Amino acid sequence: MVSAIKQVPEPRPGGSAVPGGSVGRGTAEETERPTTANTARTSSGTEQPAKQETGPGVGNSHAGLAEQGEQAAGPDSPADTSGPERVTLTWIRTRTRIWARRALILALRVFRLVVTGLRHIGPGFRLLWRAILKRWRRSLEFRTVLTTLVLAMVSFMVVGAYLSNQIANNLFQERLAQAESETRYNVKQVQDTFDGAQVTDQSSVITLVYDTLNAVEGRGSVIQRRYVFEAMPEQTKPRNRWVESRASDQLTIRVIPPELRKAVQQSGKDQYWASMEFPVGTEDRPGIAVGNKVTFNGTVYELYLIYDLNTAQKTLNEIQNVLWAGGAALVLMIGGVAWYVTRNVVSPVSHAAVVSEKLAAGQLQERMVVKGEDEMARLGASFNHMAASLQEQITQLATLSQMQQRFVSDVSHELRTPLTTVRMAAEVLYDARDEFDPINKRSAELLYNQVERFQSLLSDLLEISRFDAGAAMLDAEPQDIFQVVAGVVEGAAPVAAQYGSEVRLNSRQKSIVVEMDSRRIDRIIRNLLLNALEHGEGKPVHISVGANHEAVAVCVRDYGIGMTQAEAARVFDRFWRADPARARTTGGSGLGLSIAAEDTKLHGGWLQAWGRKGSGSNFRLTLPLRQGGTIIKSPLQLEPADIGFSATTSERRLLVLETPERLKPASESSQDSPLDDGMAATQDNNSDPGTKGPTAPAERGAQPAQSREARDGQSPSDGVSEGEAP
Amino acid sequence: MKARILVVDDDEALAEMIGIVLRNDGFEPVFCADGGQALDVFRSSKPDLVLLDLMLPGSDGIEVCRNIRSESDVPIVMLTAKSDTSDVVRGLESGADDYVPKPFKPAELVARVRARLRPGEQKAPETLKIADVTIDVAGHMVTRGNERISLTPLEFDLLVALARKPWQVFTRELLLEQVWGYRHAADTRLVNVHVQRLRSKIERDPEAPEVVLTVRGVGYKAGA
């Protein structure tokens, strides 16, 4: 047996063996072919990792074949596509599968974490998500950094995948070339040994064959290559064929891809290779199987040498780990750089935003910090310039306004002091007029009246100029509007008597507390009432008060000469008169309604006028119940309901719209009235014919004294409607 | 006896006119045209009432008002051409009892003066109590425990008006009528300012009043 080993001849140095030579040439051509092909297939391999991951037994079932020799000439031949590039692919797939498994495990863990997290901090997570979304919308910095990170990650992944594949490919090609040349050498040696062997008895033959094959595994503790040795099927079995098959450790012929076997069986003396997986211990290892035929004692055997790719795989894993780690670090660094750069660019902008917000809020002395000479510094400088000129103008305006106020105040004093003297003197004369002769008496009367008129004109002018200067201040506090209205009606009683008009107060409510400057509201209503009396031609004047939950309205309606729509639009203009030829009987300044409009504006309310020639006019004052409140709808309609159905379409529409409001039960409207400040809302059902039925008096939280006070305050309004008429 | 009235006004025409009106109604006017001398004239003439113009040369009317108030409870009525809230309130806060805005009618002025000069009606011995404050109406004295609280006549009248009807909520208008003697609606700020001044004197904590309570949206009432 030992001698049999020794009989193994040395390989011929010249390579004169025809098969060997042909293989060598074939390999030279071959080495180029799969390289390009593999490169071409690389991307497709990485594109579908998941698919490959799920595909079972990819490595074996799809093992490609590398044909050598003459068949290898055409790189683009159809045989090629299912050929060697697949082999590399298999290997890549193996790796991909490992990676995909890791990724899957990681993804599962993350998913489980997210799910448990969601269960525990569901609302918190939603809040966080909303916060991130908000940040995304509002922060340029955040957006830029996040976008940069994502893009960097994507680009790194593309580059990393390419690099990783390229490295894998090169490693594989190197190993393949090595495997092929080693196989060639070893096969040749085995064949030489077999050729020179003396077939004597069974045991020596077996020993020879086994020893020869074992020698292929290489010397040393590490197995350099494994082998599978199998007699080719379908051949006549000679008498003295003692060896059927033989393989390294646990291997069998089944680990060899069938395609490779087929190729080896069908060809002559050519060498083929395929990627495959083979078991070592419990794990499957990637490898390359290179197959050829050897003949021994008349029997043709298939000899496959299997080269372990595990080391290459480990190297590749290492390289990939380094690559990914480096990539992650790089991405983080890019993120950091992006954050830094964005911050540098954005922080002056956000600083400018903060400063301009402060400027807008009235902090006019705010300025931007200007550093350097770059674009940001220019922006800052011009911003500061703008702020400075803005501040200057605003200060100037404020000074002007102050001067104006001061002027108004001074004029007020300077004019009023002599006017007071004149007025007192006029009154003394007026009081003594009965002692004068008729001419002097009339003069004293004229003097007295005109001084009065002069005084009212002056005070109106001063009031208007105070509005214009923005010096008018609202001194609002909660008060019952009925007290104000009653006071006005009482005060205007002499004038009403003079015109012969009856003033009637209509309301469903008894008390409506409004946050208002009662001095100004008194002035508005007085103006409206006197105006109505003046133009009322002696017909009754109706005052209606109504409230909803947000506003209170006072309507002053007269049935006098009325006015056109165009006139109604101009009625609040200063010194405007409907009919210039009309005698200025009451000697109004012509500023009354303008002041009323300004007073209303100060309260944040509405003052509107409606009129029709011959049908009289209606003025409506609407005030928010609380200062700063908004009015959506006035509780009373501007267009009087009593105007009848001769109205135009639009007017009728208004009428219809307002009807439900007017028919609302009194109890409902009483709920609308504000009661929270302890004022009692007492109701009766006699003041307004439109009131539906009696309701229980609501005295929520009111003390007896208060409710009596409320009725006391109300008492004039009931009496006034008729009582003040002559 | 004629009530003596000190008229402090730099406008001679107006002062003279006021003098004519006052004399006509049976008062004895004393004049002072300079704010700086107002206090001296006040001390020497010992008037029953001061009519004070807010805008004076030399010394501000408000300053004069404060000086007079610091040494006397004599009623002070301001004559003011400024109807701006801040000026009126400042005048009232410096110690004036009432004010008459220019231009005023003679009758108006006289009514204001008379209201402040109302001779103390013959009051029956009467003792009122609000919270822990005791009011001796006839003796014009307000005490908390043994501590005497000094009030101006107007503040005293205000307190008495509230204390006499502790069950009633007084609107500002009602107080104007009862305490100041206005028959028509007037400036309710008068009431606000004087209630604040009264509180600063009689309340333990003016921020949380116990004697004079505010009834939101209506007016004031006496504390329990």
# chains A, B, ... in the order shown; residues from 1 in each chain; ligands from 1
call {"tool": "closest_atom_pairs", "arguments": {"of": "chain B", "to": "chain A", "cutoff": "7 Å", "atoms": "only C-alpha atoms", "output": "Markdown table"}}
result
| residue | atom | partner | partner_atom | distance |
| --- | --- | --- | --- | --- |
| B:Ala13 | CA | A:Thr421 | CA | 6.7 |
| B:Leu14 | CA | A:Thr421 | CA | 4.9 |
| B:Met17 | CA | A:Thr421 | CA | 6.2 |
| B:Ala81 | CA | A:His413 | CA | 4.9 |
| B:Lys82 | CA | A:His413 | CA | 6.5 |
| B:Lys102 | CA | A:Arg416 | CA | 5.9 |
| B:Pro103 | CA | A:Thr420 | CA | 4.2 |
| B:Phe104 | CA | A:Thr420 | CA | 6.1 |
| B:Lys105 | CA | A:Met424 | CA | 5.9 |
| B:Pro106 | CA | A:Met424 | CA | 5.6 |
| B:Trp167 | CA | A:Ala705 | CA | 6.3 |
| B:Gln168 | CA | A:Ala705 | CA | 5.2 |
| B:Val169 | CA | A:Ala705 | CA | 6.0 |
| B:Arg216 | CA | A:Asp677 | CA | 5.9 |
| B:Gly217 | CA | A:Pro478 | CA | 4.7 |
| B:Val218 | CA | A:Gln479 | CA | 6.6 |
call {"tool": "select_by_dssp", "arguments": {"residues": "range 452-630 of chain A", "states": "helix (DSSP H, G or I)", "output": "ChimeraX atom specification"}}
result
/A:452-468,481-491,493-499,518-535,565-570,592-603
call {"tool": "closest_residue", "arguments": {"among": "A:Trp610, A:Phe194, A:Phe436, A:Trp242", "to": "Arg570 in chain A", "atoms": "only C-alpha atoms"}}
result
A:Trp610
call {"tool": "closest_residue", "arguments": {"among": "A:Gln250, A:Asn297, A:Thr564, A:Ser443", "to": "Gln202 in chain A", "atoms": "only C-alpha atoms"}}
result
A:Asn297
call {"tool": "residues_around", "arguments": {"residues": "Leu316 in chain A", "least_positions_apart": "5", "cutoff": "9 Å", "atoms": "only C-alpha atoms", "output": "ChimeraX atom specification"}}
result
/A:164,167-168,171,311,321
call {"tool": "select_by_dssp", "arguments": {"residues": "range 92-201 of chain B", "states": "strand (DSSP E)", "output": "number ranges by chain"}}
result
B: 98-101, 127-130, 133-136, 141-144, 147-149, 170-171
call {"tool": "atom_distance", "arguments": {"atom1": "CA of Asp87 in chain B", "atom2": "CA of Pro101 in chain B"}}
result
11.2 Å
call {"tool": "residues_around", "arguments": {"residues": "Asp9 in chain B", "least_positions_apart": "6", "cutoff": "7 Å", "atoms": "only C-alpha atoms", "output": "list in words"}}
result
Ala15, Cys32, Ala33, Leu52, Asp53 and Leu56 of chain B
call {"tool": "write_last_selection", "arguments": {"atoms": "C-alpha atoms", "output": "short mmCIF file (atom, residue, chain, number, x, y, z; two decimals), in the first residue's frame"}}
result
data_model
loop_
_atom_site.label_atom_id
_atom_site.label_comp_id
_atom_site.auth_asym_id
_atom_site.auth_seq_id
_atom_site.Cartn_x
_atom_site.Cartn_y
_atom_site.Cartn_z
CA ALA B 15 -62.26 134.97 39.54
CA CYS B 32 -55.90 134.30 45.54
CA ALA B 33 -54.37 134.36 42.05
CA LEU B 52 -59.45 125.71 43.42
CA ASP B 53 -58.34 125.92 39.80
CA LEU B 56 -52.18 127.46 38.47
#
call {"tool": "closest_residue", "arguments": {"among": "B:Leu22, B:Val193, B:Ile130, B:Leu151", "to": "Arg112 in chain B", "atoms": "only C-alpha atoms"}}
result
B:Leu22
call {"tool": "atom_distance", "arguments": {"atom1": "CA of Leu359 in chain A", "atom2": "CA of Trp339 in chain A"}}
result
28.4 Å
call {"tool": "residues_around", "arguments": {"residues": "Ser203 in chain A", "least_positions_apart": "5", "cutoff": "10 Å", "atoms": "only C-alpha atoms", "output": "ChimeraX atom specification"}}
result
/A:1,208-209,242-243
call {"tool": "write_last_selection", "arguments": {"atoms": "C-alpha atoms", "output": "tab-separated table (two decimals), in the first residue's frame"}}
result
chain	number	residue	atom	x	y	z
A	1	MET	CA	0.00	0.00	0.00
A	208	LEU	CA	-3.72	3.05	-3.19
A	209	VAL	CA	-6.87	4.84	-4.18
A	242	TRP	CA	-13.24	-2.48	-6.05
A	243	VAL	CA	-13.69	1.23	-5.44
call {"tool": "closest_residue", "arguments": {"among": "B:Ile5, B:Met78, B:Leu39, B:Ala163", "to": "Asp98 in chain B", "atoms": "only C-alpha atoms"}}
result
B:Met78
call {"tool": "closest_residue", "arguments": {"among": "A:Lys314, A:His535, A:Arg254, A:Arg406", "to": "Met276 in chain A", "atoms": "only C-alpha atoms"}}
result
A:Arg254
call {"tool": "atom_distance", "arguments": {"atom1": "CA of Ile561 in chain A", "atom2": "CA of Pro635 in chain A"}}
result
26.0 Å
call {"tool": "residues_around", "arguments": {"residues": "Gly95 in chain B", "least_positions_apart": "5", "cutoff": "10 Å", "atoms": "only C-alpha atoms", "output": "JSON, numbers by chain"}}
result
{"B": [62, 63, 64, 65, 66, 67, 68, 69, 70, 73, 75, 76, 77, 78, 90, 152, 193, 194, 197]}
call {"tool": "closest_residue", "arguments": {"among": "B:Leu198, B:Val113, B:Arg118, B:Ala96", "to": "Val142 in chain B", "atoms": "only C-alpha atoms"}}
result
B:Leu198
call {"tool": "decode", "arguments": {"residues": "range 156-204 of chain B", "atoms": "N, CA and C atoms", "output": "compact mmCIF listing (two decimals), in the first residue's frame"}}
result
# COMPACT_ATOMS: atom_id res chain seq x y z
N PHE B 156 -66.79 111.11 55.69
CA PHE B 156 -67.67 110.79 56.81
C PHE B 156 -69.12 110.64 56.33
N ASP B 157 -69.55 111.59 55.50
CA ASP B 157 -70.91 111.53 54.97
C ASP B 157 -71.13 110.26 54.17
N LEU B 158 -70.13 109.92 53.38
CA LEU B 158 -70.22 108.72 52.54
C LEU B 158 -70.39 107.47 53.42
N LEU B 159 -69.57 107.41 54.46
CA LEU B 159 -69.61 106.26 55.35
C LEU B 159 -70.96 106.19 56.07
N VAL B 160 -71.43 107.34 56.52
CA VAL B 160 -72.70 107.37 57.25
C VAL B 160 -73.85 106.95 56.33
N ALA B 161 -73.81 107.46 55.09
CA ALA B 161 -74.87 107.10 54.14
C ALA B 161 -74.95 105.59 53.96
N LEU B 162 -73.78 104.97 53.87
CA LEU B 162 -73.75 103.51 53.69
C LEU B 162 -74.19 102.81 54.97
N ALA B 163 -73.76 103.34 56.11
CA ALA B 163 -73.99 102.65 57.38
C ALA B 163 -75.44 102.74 57.81
N ARG B 164 -76.12 103.81 57.40
CA ARG B 164 -77.51 103.97 57.85
C ARG B 164 -78.40 102.89 57.25
N LYS B 165 -78.11 102.47 56.04
CA LYS B 165 -78.93 101.42 55.43
C LYS B 165 -78.04 100.25 55.03
N PRO B 166 -77.63 99.47 55.99
CA PRO B 166 -76.67 98.40 55.68
C PRO B 166 -77.27 97.33 54.78
N TRP B 167 -78.60 97.31 54.66
CA TRP B 167 -79.22 96.27 53.83
C TRP B 167 -79.27 96.69 52.37
N GLN B 168 -79.01 97.97 52.13
CA GLN B 168 -79.21 98.48 50.77
C GLN B 168 -77.89 98.53 49.99
N VAL B 169 -78.02 98.18 48.72
CA VAL B 169 -76.87 98.39 47.83
C VAL B 169 -77.05 99.76 47.18
N PHE B 170 -76.07 100.61 47.35
CA PHE B 170 -76.15 101.97 46.79
C PHE B 170 -75.51 101.99 45.41
N THR B 171 -76.27 102.43 44.42
CA THR B 171 -75.63 102.65 43.13
C THR B 171 -74.78 103.91 43.26
N ARG B 172 -73.87 104.07 42.34
CA ARG B 172 -73.03 105.27 42.39
C ARG B 172 -73.87 106.53 42.23
N GLU B 173 -74.90 106.42 41.39
CA GLU B 173 -75.77 107.58 41.17
C GLU B 173 -76.49 107.98 42.45
N LEU B 174 -76.94 106.94 43.18
CA LEU B 174 -77.65 107.20 44.43
C LEU B 174 -76.72 107.88 45.44
N LEU B 175 -75.48 107.40 45.49
CA LEU B 175 -74.52 108.01 46.41
C LEU B 175 -74.22 109.45 45.99
N LEU B 176 -74.10 109.68 44.67
CA LEU B 176 -73.86 111.04 44.19
C LEU B 176 -74.98 111.96 44.67
N GLU B 177 -76.19 111.43 44.59
CA GLU B 177 -77.33 112.24 44.99
C GLU B 177 -77.34 112.48 46.49
N GLN B 178 -77.09 111.43 47.26
CA GLN B 178 -77.22 111.56 48.72
C GLN B 178 -76.02 112.26 49.35
N VAL B 179 -74.84 111.98 48.85
CA VAL B 179 -73.64 112.50 49.52
C VAL B 179 -73.16 113.81 48.87
N TRP B 180 -73.19 113.83 47.55
CA TRP B 180 -72.68 115.03 46.86
C TRP B 180 -73.80 116.03 46.54
N GLY B 181 -75.02 115.55 46.56
CA GLY B 181 -76.13 116.44 46.30
C GLY B 181 -76.40 116.67 44.82
N TYR B 182 -75.97 115.77 43.97
CA TYR B 182 -76.28 115.93 42.54
C TYR B 182 -77.71 115.48 42.31
N ARG B 183 -78.42 116.27 41.53
CA ARG B 183 -79.77 115.84 41.21
C ARG B 183 -79.81 115.11 39.87
N HIS B 184 -78.81 115.39 39.04
CA HIS B 184 -78.75 114.69 37.75
C HIS B 184 -77.52 113.80 37.74
N ALA B 185 -77.56 112.88 36.84
CA ALA B 185 -76.44 111.95 36.74
C ALA B 185 -75.15 112.73 36.54
N ALA B 186 -74.16 112.39 37.30
CA ALA B 186 -72.87 113.07 37.16
C ALA B 186 -71.78 112.02 37.05
N ASP B 187 -70.59 112.51 37.23
CA ASP B 187 -69.44 111.64 37.04
C ASP B 187 -69.32 110.63 38.18
N THR B 188 -69.48 109.35 37.88
CA THR B 188 -69.43 108.34 38.94
C THR B 188 -68.00 108.09 39.42
N ARG B 189 -67.04 108.67 38.73
CA ARG B 189 -65.67 108.49 39.19
C ARG B 189 -65.46 109.15 40.54
N LEU B 190 -66.25 110.21 40.79
CA LEU B 190 -66.22 110.85 42.10
C LEU B 190 -66.40 109.80 43.20
N VAL B 191 -67.39 108.95 42.99
CA VAL B 191 -67.71 107.94 43.99
C VAL B 191 -66.56 106.95 44.10
N ASN B 192 -66.11 106.48 42.93
CA ASN B 192 -65.03 105.49 42.94
C ASN B 192 -63.82 105.98 43.71
N VAL B 193 -63.40 107.20 43.39
CA VAL B 193 -62.18 107.73 44.01
C VAL B 193 -62.37 107.89 45.52
N HIS B 194 -63.53 108.41 45.90
CA HIS B 194 -63.71 108.64 47.34
C HIS B 194 -63.91 107.36 48.11
N VAL B 195 -64.52 106.37 47.47
CA VAL B 195 -64.63 105.08 48.15
C VAL B 195 -63.23 104.51 48.37
N GLN B 196 -62.38 104.68 47.37
CA GLN B 196 -61.01 104.17 47.53
C GLN B 196 -60.29 104.90 48.67
N ARG B 197 -60.48 106.21 48.70
CA ARG B 197 -59.80 106.97 49.76
C ARG B 197 -60.35 106.58 51.13
N LEU B 198 -61.65 106.41 51.17
CA LEU B 198 -62.27 106.01 52.44
C LEU B 198 -61.74 104.65 52.87
N ARG B 199 -61.65 103.76 51.92
CA ARG B 199 -61.16 102.42 52.24
C ARG B 199 -59.73 102.48 52.75
N SER B 200 -58.92 103.31 52.12
CA SER B 200 -57.51 103.37 52.53
C SER B 200 -57.40 103.84 53.98
N LYS B 201 -58.44 104.51 54.46
CA LYS B 201 -58.38 104.98 55.85
C LYS B 201 -59.01 104.01 56.83
N ILE B 202 -60.12 103.39 56.43
CA ILE B 202 -60.83 102.60 57.45
C ILE B 202 -60.66 101.09 57.32
N GLU B 203 -60.22 100.65 56.17
CA GLU B 203 -60.09 99.20 56.02
C GLU B 203 -58.77 98.73 56.62
N ARG B 204 -58.80 97.54 57.20
CA ARG B 204 -57.54 96.93 57.64
C ARG B 204 -56.68 96.60 56.42
